[in-house]
file input-v4.pdb (PDB, C-alpha atoms)
ATOM      1  CA  THR A  14    -234.635-117.336  13.871  1.00  0.00           C
ATOM      2  CA  ALA A  15    -231.281-118.734  14.976  1.00  0.00           C
ATOM      3  CA  ARG A  16    -232.835-120.200  18.128  1.00  0.00           C
ATOM      4  CA  LEU A  17    -235.668-121.735  16.112  1.00  0.00           C
ATOM      5  CA  ALA A  18    -233.041-123.347  13.886  1.00  0.00           C
ATOM      6  CA  GLY A  19    -231.428-124.879  16.972  1.00  0.00           C
ATOM      7  CA  TYR A  20    -228.353-122.663  17.351  1.00  0.00           C
ATOM      8  CA  GLU A  21    -226.931-120.967  20.412  1.00  0.00           C
ATOM      9  CA  VAL A  22    -227.325-117.238  20.019  1.00  0.00           C
ATOM     10  CA  GLU A  23    -224.995-114.328  20.621  1.00  0.00           C
ATOM     11  CA  VAL A  24    -226.606-111.018  19.708  1.00  0.00           C
ATOM     12  CA  VAL A  25    -224.039-108.827  17.970  1.00  0.00           C
ATOM     13  CA  ASP A  26    -225.025-105.164  18.044  1.00  0.00           C
ATOM     14  CA  ASP A  27    -222.887-104.420  14.989  1.00  0.00           C
ATOM     15  CA  LEU A  28    -225.182-106.670  12.936  1.00  0.00           C
ATOM     16  CA  MET A  29    -228.438-105.065  14.047  1.00  0.00           C
ATOM     17  CA  GLU A  30    -230.822-104.001  11.306  1.00  0.00           C
ATOM     18  CA  TRP A  31    -230.110-100.733   9.495  1.00  0.00           C
ATOM     19  CA  ASP A  32    -231.924 -97.897  11.298  1.00  0.00           C
ATOM     20  CA  TYR A  33    -234.164 -96.439   8.565  1.00  0.00           C
ATOM     21  CA  GLY A  34    -235.324 -93.509  10.689  1.00  0.00           C
ATOM     22  CA  ALA A  35    -238.284 -91.646   9.158  1.00  0.00           C
ATOM     23  CA  VAL A  36    -238.626 -94.126   6.289  1.00  0.00           C
ATOM     24  CA  GLU A  37    -238.919 -97.200   8.560  1.00  0.00           C
ATOM     25  CA  GLY A  38    -241.865 -99.333   7.497  1.00  0.00           C
ATOM     26  CA  ARG A  39    -242.464 -97.393   4.284  1.00  0.00           C
ATOM     27  CA  THR A  40    -242.089 -98.957   0.864  1.00  0.00           C
ATOM     28  CA  ASN A  41    -239.494 -97.627  -1.538  1.00  0.00           C
ATOM     29  CA  ASP A  42    -242.340 -96.653  -3.900  1.00  0.00           C
ATOM     30  CA  ALA A  43    -243.996 -94.545  -1.201  1.00  0.00           C
ATOM     31  CA  VAL A  44    -240.756 -92.737  -0.343  1.00  0.00           C
ATOM     32  CA  THR A  45    -239.790 -92.094  -3.970  1.00  0.00           C
ATOM     33  CA  ALA A  46    -243.295 -90.776  -4.710  1.00  0.00           C
ATOM     34  CA  GLU A  47    -242.478 -87.948  -2.285  1.00  0.00           C
ATOM     35  CA  HIS A  48    -238.762 -87.745  -3.107  1.00  0.00           C
ATOM     36  CA  PRO A  49    -238.203 -88.887  -6.720  1.00  0.00           C
ATOM     37  CA  GLY A  50    -234.965 -90.785  -7.228  1.00  0.00           C
ATOM     38  CA  TRP A  51    -234.296 -91.214  -3.498  1.00  0.00           C
ATOM     39  CA  SER A  52    -232.254 -94.267  -2.465  1.00  0.00           C
ATOM     40  CA  LYS A  53    -231.100 -95.372   0.974  1.00  0.00           C
ATOM     41  CA  TRP A  54    -227.912 -96.453  -0.763  1.00  0.00           C
ATOM     42  CA  SER A  55    -226.898 -92.969  -1.930  1.00  0.00           C
ATOM     43  CA  ASP A  56    -229.078 -90.337  -0.233  1.00  0.00           C
ATOM     44  CA  PRO A  57    -229.535 -89.206   3.369  1.00  0.00           C
ATOM     45  CA  VAL A  58    -231.813 -91.370   5.515  1.00  0.00           C
ATOM     46  CA  PRO A  59    -233.753 -88.788   7.557  1.00  0.00           C
ATOM     47  CA  GLY A  60    -233.462 -89.538  11.255  1.00  0.00           C
ATOM     48  CA  GLY A  61    -231.670 -92.839  10.628  1.00  0.00           C
ATOM     49  CA  GLU A  62    -228.287 -94.315   9.812  1.00  0.00           C
ATOM     50  CA  GLN A  63    -226.476 -93.417   6.648  1.00  0.00           C
ATOM     51  CA  VAL A  64    -224.950 -96.181   4.526  1.00  0.00           C
ATOM     52  CA  ALA A  65    -221.466 -95.169   5.724  1.00  0.00           C
ATOM     53  CA  ASP A  66    -222.599 -95.589   9.359  1.00  0.00           C
ATOM     54  CA  VAL A  67    -223.845 -99.100   8.642  1.00  0.00           C
ATOM     55  CA  ALA A  68    -220.555 -99.876   6.873  1.00  0.00           C
ATOM     56  CA  VAL A  69    -218.617 -98.956  10.023  1.00  0.00           C
ATOM     57  CA  ARG A  70    -220.578-101.620  11.884  1.00  0.00           C
ATOM     58  CA  ALA A  71    -220.052-104.155   9.071  1.00  0.00           C
ATOM     59  CA  ASP A  72    -216.308-103.462   9.085  1.00  0.00           C
ATOM     60  CA  ARG A  73    -216.131-103.946  12.857  1.00  0.00           C
ATOM     61  CA  PHE A  74    -217.906-107.290  12.543  1.00  0.00           C
ATOM     62  CA  ILE A  75    -215.551-108.426   9.761  1.00  0.00           C
ATOM     63  CA  ALA A  76    -212.528-107.372  11.826  1.00  0.00           C
ATOM     64  CA  ARG A  77    -213.942-109.200  14.853  1.00  0.00           C
ATOM     65  CA  THR A  78    -214.137-112.456  12.914  1.00  0.00           C
ATOM     66  CA  ALA A  79    -210.819-112.066  11.081  1.00  0.00           C
ATOM     67  CA  GLY A  80    -208.729-114.174  13.442  1.00  0.00           C
ATOM     68  CA  LEU A  81    -211.249-116.945  14.021  1.00  0.00           C
ATOM     69  CA  VAL A  82    -210.463-120.447  12.843  1.00  0.00           C
ATOM     70  CA  ASP A  83    -214.013-121.792  13.063  1.00  0.00           C
ATOM     71  CA  ASP A  84    -216.864-120.902  10.752  1.00  0.00           C
ATOM     72  CA  VAL A  85    -219.217-118.115  11.803  1.00  0.00           C
ATOM     73  CA  LEU A  86    -222.956-118.472  11.257  1.00  0.00           C
ATOM     74  CA  VAL A  87    -224.933-115.232  10.979  1.00  0.00           C
ATOM     75  CA  PHE A  88    -228.674-114.699  10.934  1.00  0.00           C
ATOM     76  CA  GLY A  89    -229.627-111.141  10.063  1.00  0.00           C
ATOM     77  CA  HIS A  90    -231.458-108.590   8.001  1.00  0.00           C
ATOM     78  CA  GLY A  91    -230.961-108.379   4.246  1.00  0.00           C
ATOM     79  CA  HIS A  92    -229.722-104.825   3.734  1.00  0.00           C
ATOM     80  CA  MET A  93    -227.273-105.027   6.632  1.00  0.00           C
ATOM     81  CA  LEU A  94    -225.891-108.308   5.350  1.00  0.00           C
ATOM     82  CA  SER A  95    -225.726-106.925   1.798  1.00  0.00           C
ATOM     83  CA  ILE A  96    -223.365-104.266   3.164  1.00  0.00           C
ATOM     84  CA  VAL A  97    -221.350-106.978   4.929  1.00  0.00           C
ATOM     85  CA  VAL A  98    -220.961-108.714   1.541  1.00  0.00           C
ATOM     86  CA  ALA A  99    -219.822-105.493  -0.134  1.00  0.00           C
ATOM     87  CA  ARG A 100    -217.320-104.711   2.618  1.00  0.00           C
ATOM     88  CA  TRP A 101    -216.108-108.351   2.649  1.00  0.00           C
ATOM     89  CA  LEU A 102    -215.181-107.782  -0.996  1.00  0.00           C
ATOM     90  CA  ASP A 103    -213.556-104.403  -0.192  1.00  0.00           C
ATOM     91  CA  LEU A 104    -216.260-102.578  -2.149  1.00  0.00           C
ATOM     92  CA  PRO A 105    -217.851 -99.282  -1.113  1.00  0.00           C
ATOM     93  CA  PRO A 106    -220.836 -99.921   1.166  1.00  0.00           C
ATOM     94  CA  ALA A 107    -223.369 -98.584  -1.348  1.00  0.00           C
ATOM     95  CA  GLN A 108    -222.407-101.482  -3.611  1.00  0.00           C
ATOM     96  CA  GLY A 109    -224.364-103.652  -1.177  1.00  0.00           C
ATOM     97  CA  ARG A 110    -227.357-102.821  -3.392  1.00  0.00           C
ATOM     98  CA  ARG A 111    -225.829-105.191  -5.961  1.00  0.00           C
ATOM     99  CA  PHE A 112    -226.134-108.114  -3.524  1.00  0.00           C
ATOM    100  CA  PRO A 113    -229.847-108.336  -2.716  1.00  0.00           C
ATOM    101  CA  LEU A 114    -230.353-111.106  -0.184  1.00  0.00           C
ATOM    102  CA  GLU A 115    -233.659-112.929  -0.159  1.00  0.00           C
ATOM    103  CA  THR A 116    -235.484-114.100   2.959  1.00  0.00           C
ATOM    104  CA  GLY A 117    -234.686-117.643   4.045  1.00  0.00           C
ATOM    105  CA  THR A 118    -231.591-118.101   1.897  1.00  0.00           C
ATOM    106  CA  VAL A 119    -227.998-119.050   2.659  1.00  0.00           C
ATOM    107  CA  SER A 120    -224.971-117.116   1.508  1.00  0.00           C
ATOM    108  CA  VAL A 121    -221.372-118.112   2.185  1.00  0.00           C
ATOM    109  CA  LEU A 122    -218.445-115.712   2.395  1.00  0.00           C
ATOM    110  CA  ALA A 123    -215.103-117.449   2.275  1.00  0.00           C
ATOM    111  CA  HIS A 124    -211.410-117.189   1.588  1.00  0.00           C
ATOM    112  CA  LYS A 125    -209.786-118.400  -1.615  1.00  0.00           C
ATOM    113  CA  ARG A 126    -206.088-118.325  -0.898  1.00  0.00           C
ATOM    114  CA  ARG A 127    -205.606-114.773   0.425  1.00  0.00           C
ATOM    115  CA  ASP A 128    -208.693-113.305  -1.236  1.00  0.00           C
ATOM    116  CA  ARG A 129    -212.091-112.848   0.361  1.00  0.00           C
ATOM    117  CA  VAL A 130    -214.758-114.238  -1.988  1.00  0.00           C
ATOM    118  CA  VAL A 131    -218.475-114.966  -2.222  1.00  0.00           C
ATOM    119  CA  GLU A 132    -218.798-118.726  -2.401  1.00  0.00           C
ATOM    120  CA  THR A 133    -222.604-118.899  -2.374  1.00  0.00           C
ATOM    121  CA  LEU A 134    -225.267-116.209  -2.633  1.00  0.00           C
ATOM    122  CA  ASN A 135    -229.000-116.628  -2.020  1.00  0.00           C
ATOM    123  CA  ARG A 136    -229.143-120.425  -1.967  1.00  0.00           C
ATOM    124  CA  PRO A 137    -232.663-121.414  -0.882  1.00  0.00           C
ATOM    125  CA  CYS A 138    -232.965-123.267   2.424  1.00  0.00           C
ATOM    126  CA  GLY A 139    -234.889-126.445   2.901  1.00  0.00           C
ATOM    127  CA  PRO A 140    -235.203-129.655   0.950  1.00  0.00           C
ATOM    128  CA  THR A 141    -233.978-129.800  -2.625  1.00  0.00           C
ATOM    129  CA  PRO A 142    -236.878-130.107  -5.053  1.00  0.00           C
ATOM    130  CA  VAL A 143    -237.183-133.437  -6.875  1.00  0.00           C
ATOM    131  CA  GLY A 144    -235.414-133.338 -10.233  1.00  0.00           C
ATOM    132  CA  SER A 145    -232.973-130.588  -9.210  1.00  0.00           C
TER     133      SER A 145
END
call {"tool": "encode", "arguments": {"input": "input-v4.pdb", "output": "structure tokens"}}
result
Amino acid sequence: TARLAGYEVEVVDDLMEWDYGAVEGRTNDAVTAEHPGWSKWSDPVPGGEQVADVAVRADRFIARTAGLVDDVLVFGHGHMLSIVVARWLDLPPAQGRRFPLETGTVSVLAHKRRDRVVETLNRPCGPTPVGS
């Protein structure tokens, strides 16, 4: 996607999609039909990464960018980036569920004085509709 948008690409392993193990490709409804109340955010992901494992990767990425002066543009998968948002705000990784990121949207994490903040979340890409 980044290449299609005209950007140079550096693949960052720490931002790879969450490994969903045995539930990869299955809908939440299908999984919870077998395991009522199950959530990737709070329960074990059989054969995959746990939310805490994904948070370790998110934290490494945040630390990697901490000293940069220039902006960083990231293209990635929603759940992984939701955890990045939570960790950016110093929240537990499972709180990423409160930041659902939609396909094809822009979110901006920034600094306000010494605080890390969410400046924009889920802004649609593309032309602005007439009358907006």
call {"tool": "residues_around", "arguments": {"input": "input-v4.pdb", "residues": "range 29-44 of chain A", "least_positions_apart": "6", "cutoff": "9 Å", "atoms": "all atoms listed in the file", "output": "list of chain:residue names"}}
result
A:Trp51, A:Ser52, A:Lys53, A:Val58, A:Pro59, A:Gly60, A:Gly61, A:Glu62, A:Gln63, A:Val64, A:Val67, A:Arg70, A:Gly89, A:His90, A:Gly91, A:His92, A:Met93, A:Leu94
call {"tool": "write_last_selection", "arguments": {"input": "input-v4.pdb", "atoms": "C-alpha atoms", "output": "compact mmCIF listing (two decimals), in the frame of the given file"}}
result
# COMPACT_ATOMS: atom_id res chain seq x y z
CA TRP A 51 -234.30 -91.21 -3.50
CA SER A 52 -232.25 -94.27 -2.46
CA LYS A 53 -231.10 -95.37 0.97
CA VAL A 58 -231.81 -91.37 5.52
CA PRO A 59 -233.75 -88.79 7.56
CA GLY A 60 -233.46 -89.54 11.26
CA GLY A 61 -231.67 -92.84 10.63
CA GLU A 62 -228.29 -94.32 9.81
CA GLN A 63 -226.48 -93.42 6.65
CA VAL A 64 -224.95 -96.18 4.53
CA VAL A 67 -223.84 -99.10 8.64
CA ARG A 70 -220.58 -101.62 11.88
CA GLY A 89 -229.63 -111.14 10.06
CA HIS A 90 -231.46 -108.59 8.00
CA GLY A 91 -230.96 -108.38 4.25
CA HIS A 92 -229.72 -104.82 3.73
CA MET A 93 -227.27 -105.03 6.63
CA LEU A 94 -225.89 -108.31 5.35
call {"tool": "resolve_selection", "arguments": {"input": "input-v4.pdb", "expression": "the PyMOL selection byres ((chain A and resi 75-87) around 9)", "output": "ChimeraX atom specification"}}
result
/A:15,28,70-74,88-89,94,97,100-101
call {"tool": "atom_distance", "arguments": {"input": "input-v4.pdb", "atom1": "CA of Val119 in chain A", "atom2": "CA of Glu21 in chain A"}}
result
17.9 Å
call {"tool": "axis_aligned_box", "arguments": {"input": "input-v4.pdb", "around": "range 46-63 of chain A", "padding_each_side": "3 Å", "output": "JSON"}}
result
{"center_x": -234.9, "center_y": -92.1, "center_z": 2.0, "size_x": 22.8, "size_y": 14.7, "size_z": 24.5}
call {"tool": "atom_distance", "arguments": {"input": "input-v4.pdb", "atom1": "CA of Val25 in chain A", "atom2": "CA of Leu102 in chain A"}}
result
21.0 Å
call {"tool": "atom_distance", "arguments": {"input": "input-v4.pdb", "atom1": "CA of Arg110 in chain A", "atom2": "CA of Pro57 in chain A"}}
result
15.4 Å
call {"tool": "resolve_selection", "arguments": {"input": "input-v4.pdb", "expression": "the PyMOL selection byres ((chain A and resi 118) around 7)", "output": "list in words"}}
result
Glu115, Thr116, Gly117, Val119, Ser120, Asn135, Arg136, Pro137 and Cys138 of chain A
call {"tool": "resolve_selection", "arguments": {"input": "input-v4.pdb", "expression": "the PyMOL selection byres ((chain A and resi 121) around 9)", "output": "ChimeraX atom specification"}}
result
/A:119-120,122-123,130-135
call {"tool": "closest_residue", "arguments": {"input": "input-v4.pdb", "among": "A:Pro113, A:Ala99, A:Val24, A:Trp54", "to": "Arg129 in chain A", "atoms": "all atoms listed in the file"}}
result
A:Ala99
call {"tool": "decode", "arguments": {"input": "input-v4.pdb", "residues": "range 46-144 of chain A", "atoms": "C-alpha atoms", "output": "mmCIF file, in the first residue's frame"}}
result
data_model
loop_
_atom_site.group_PDB
_atom_site.id
_atom_site.type_symbol
_atom_site.label_atom_id
_atom_site.label_comp_id
_atom_site.auth_asym_id
_atom_site.auth_seq_id
_atom_site.Cartn_x
_atom_site.Cartn_y
_atom_site.Cartn_z
ATOM 1 C CA ALA A 46 -19.704 -19.543 18.856
ATOM 2 C CA GLU A 47 -17.198 -22.209 19.929
ATOM 3 C CA HIS A 48 -15.737 -20.262 22.863
ATOM 4 C CA PRO A 49 -18.398 -17.880 24.248
ATOM 5 C CA GLY A 50 -16.992 -14.583 25.473
ATOM 6 C CA TRP A 51 -13.561 -15.132 23.902
ATOM 7 C CA SER A 52 -11.599 -12.005 22.935
ATOM 8 C CA LYS A 53 -8.140 -11.675 21.416
ATOM 9 C CA TRP A 54 -7.756 -8.657 23.672
ATOM 10 C CA SER A 55 -8.068 -10.573 26.952
ATOM 11 C CA ASP A 56 -7.880 -14.326 26.295
ATOM 12 C CA PRO A 57 -5.169 -16.646 24.975
ATOM 13 C CA VAL A 58 -4.757 -16.739 21.194
ATOM 14 C CA PRO A 59 -4.148 -20.447 20.502
ATOM 15 C CA GLY A 60 -0.966 -20.915 18.508
ATOM 16 C CA GLY A 61 -0.512 -17.167 18.012
ATOM 17 C CA GLU A 62 0.731 -14.037 19.728
ATOM 18 C CA GLN A 63 -0.807 -12.822 22.930
ATOM 19 C CA VAL A 64 -1.720 -9.146 23.282
ATOM 20 C CA ALA A 65 1.276 -8.629 25.595
ATOM 21 C CA ASP A 66 3.597 -10.046 22.897
ATOM 22 C CA VAL A 67 2.232 -7.605 20.335
ATOM 23 C CA ALA A 68 2.655 -4.770 22.854
ATOM 24 C CA VAL A 69 6.362 -5.585 23.185
ATOM 25 C CA ARG A 70 6.715 -5.025 19.447
ATOM 26 C CA ALA A 71 4.666 -1.801 19.607
ATOM 27 C CA ASP A 72 6.835 -0.509 22.457
ATOM 28 C CA ARG A 73 10.018 -1.272 20.511
ATOM 29 C CA PHE A 74 8.683 0.642 17.515
ATOM 30 C CA ILE A 75 7.732 3.635 19.685
ATOM 31 C CA ALA A 76 11.176 3.606 21.313
ATOM 32 C CA ARG A 77 12.813 3.381 17.882
ATOM 33 C CA THR A 78 11.053 6.541 16.732
ATOM 34 C CA ALA A 79 11.461 8.473 19.991
ATOM 35 C CA GLY A 80 14.554 10.427 18.994
ATOM 36 C CA LEU A 81 13.533 11.218 15.431
ATOM 37 C CA VAL A 82 12.955 14.810 14.417
ATOM 38 C CA ASP A 83 11.077 14.062 11.197
ATOM 39 C CA ASP A 84 7.566 12.693 10.950
ATOM 40 C CA VAL A 85 7.128 8.942 10.576
ATOM 41 C CA LEU A 86 4.531 7.557 8.179
ATOM 42 C CA VAL A 87 3.230 4.063 8.944
ATOM 43 C CA PHE A 88 1.058 1.797 6.839
ATOM 44 C CA GLY A 89 -0.137 -1.251 8.739
ATOM 45 C CA HIS A 90 -2.830 -3.531 10.029
ATOM 46 C CA GLY A 91 -5.617 -2.220 12.243
ATOM 47 C CA HIS A 92 -5.261 -4.297 15.404
ATOM 48 C CA MET A 93 -1.488 -3.875 15.521
ATOM 49 C CA LEU A 94 -1.806 -0.130 15.077
ATOM 50 C CA SER A 95 -4.595 0.006 17.675
ATOM 51 C CA ILE A 96 -2.075 -1.411 20.154
ATOM 52 C CA VAL A 97 0.477 1.187 19.029
ATOM 53 C CA VAL A 98 -2.108 3.889 19.845
ATOM 54 C CA ALA A 99 -2.768 2.413 23.289
ATOM 55 C CA ARG A 100 0.935 2.119 24.093
ATOM 56 C CA TRP A 101 1.588 5.636 22.708
ATOM 57 C CA LEU A 102 -0.856 6.836 25.364
ATOM 58 C CA ASP A 103 0.795 4.659 28.054
ATOM 59 C CA LEU A 104 -2.325 2.495 28.292
ATOM 60 C CA PRO A 105 -2.328 -1.284 28.725
ATOM 61 C CA PRO A 106 -2.183 -2.997 25.326
ATOM 62 C CA ALA A 107 -5.670 -4.501 25.647
ATOM 63 C CA GLN A 108 -7.025 -0.950 25.617
ATOM 64 C CA GLY A 109 -6.192 -0.974 21.907
ATOM 65 C CA ARG A 110 -9.707 -2.396 21.488
ATOM 66 C CA ARG A 111 -10.980 1.111 22.284
ATOM 67 C CA PHE A 112 -9.211 2.509 19.203
ATOM 68 C CA PRO A 113 -10.682 0.583 16.268
ATOM 69 C CA LEU A 114 -8.947 1.729 13.102
ATOM 70 C CA GLU A 115 -10.855 1.550 9.849
ATOM 71 C CA THR A 116 -9.368 0.564 6.497
ATOM 72 C CA GLY A 117 -8.084 3.451 4.402
ATOM 73 C CA THR A 118 -8.079 6.058 7.161
ATOM 74 C CA VAL A 119 -5.413 8.350 8.584
ATOM 75 C CA SER A 120 -4.585 8.672 12.251
ATOM 76 C CA VAL A 121 -1.986 11.032 13.690
ATOM 77 C CA LEU A 122 -0.093 10.483 16.929
ATOM 78 C CA ALA A 123 1.693 13.574 18.135
ATOM 79 C CA HIS A 124 3.252 15.420 21.023
ATOM 80 C CA LYS A 125 1.536 18.250 22.870
ATOM 81 C CA ARG A 126 4.245 19.785 24.991
ATOM 82 C CA ARG A 127 5.669 16.732 26.794
ATOM 83 C CA ASP A 128 2.566 14.569 26.432
ATOM 84 C CA ARG A 129 1.934 11.994 23.734
ATOM 85 C CA VAL A 130 -1.544 12.563 22.271
ATOM 86 C CA VAL A 131 -3.879 11.385 19.522
ATOM 87 C CA GLU A 132 -4.279 14.308 17.161
ATOM 88 C CA THR A 133 -6.442 12.553 14.562
ATOM 89 C CA LEU A 134 -8.131 9.156 14.542
ATOM 90 C CA ASN A 135 -9.776 7.443 11.567
ATOM 91 C CA ARG A 136 -9.884 10.409 9.194
ATOM 92 C CA PRO A 137 -11.030 9.105 5.799
ATOM 93 C CA CYS A 138 -8.528 9.359 2.947
ATOM 94 C CA GLY A 139 -9.299 10.805 -0.421
ATOM 95 C CA PRO A 140 -11.135 13.873 -1.616
ATOM 96 C CA THR A 141 -13.364 15.770 0.777
ATOM 97 C CA PRO A 142 -17.021 15.379 -0.157
ATOM 98 C CA VAL A 143 -18.749 18.505 -1.478
ATOM 99 C CA GLY A 144 -20.484 20.404 1.313
#
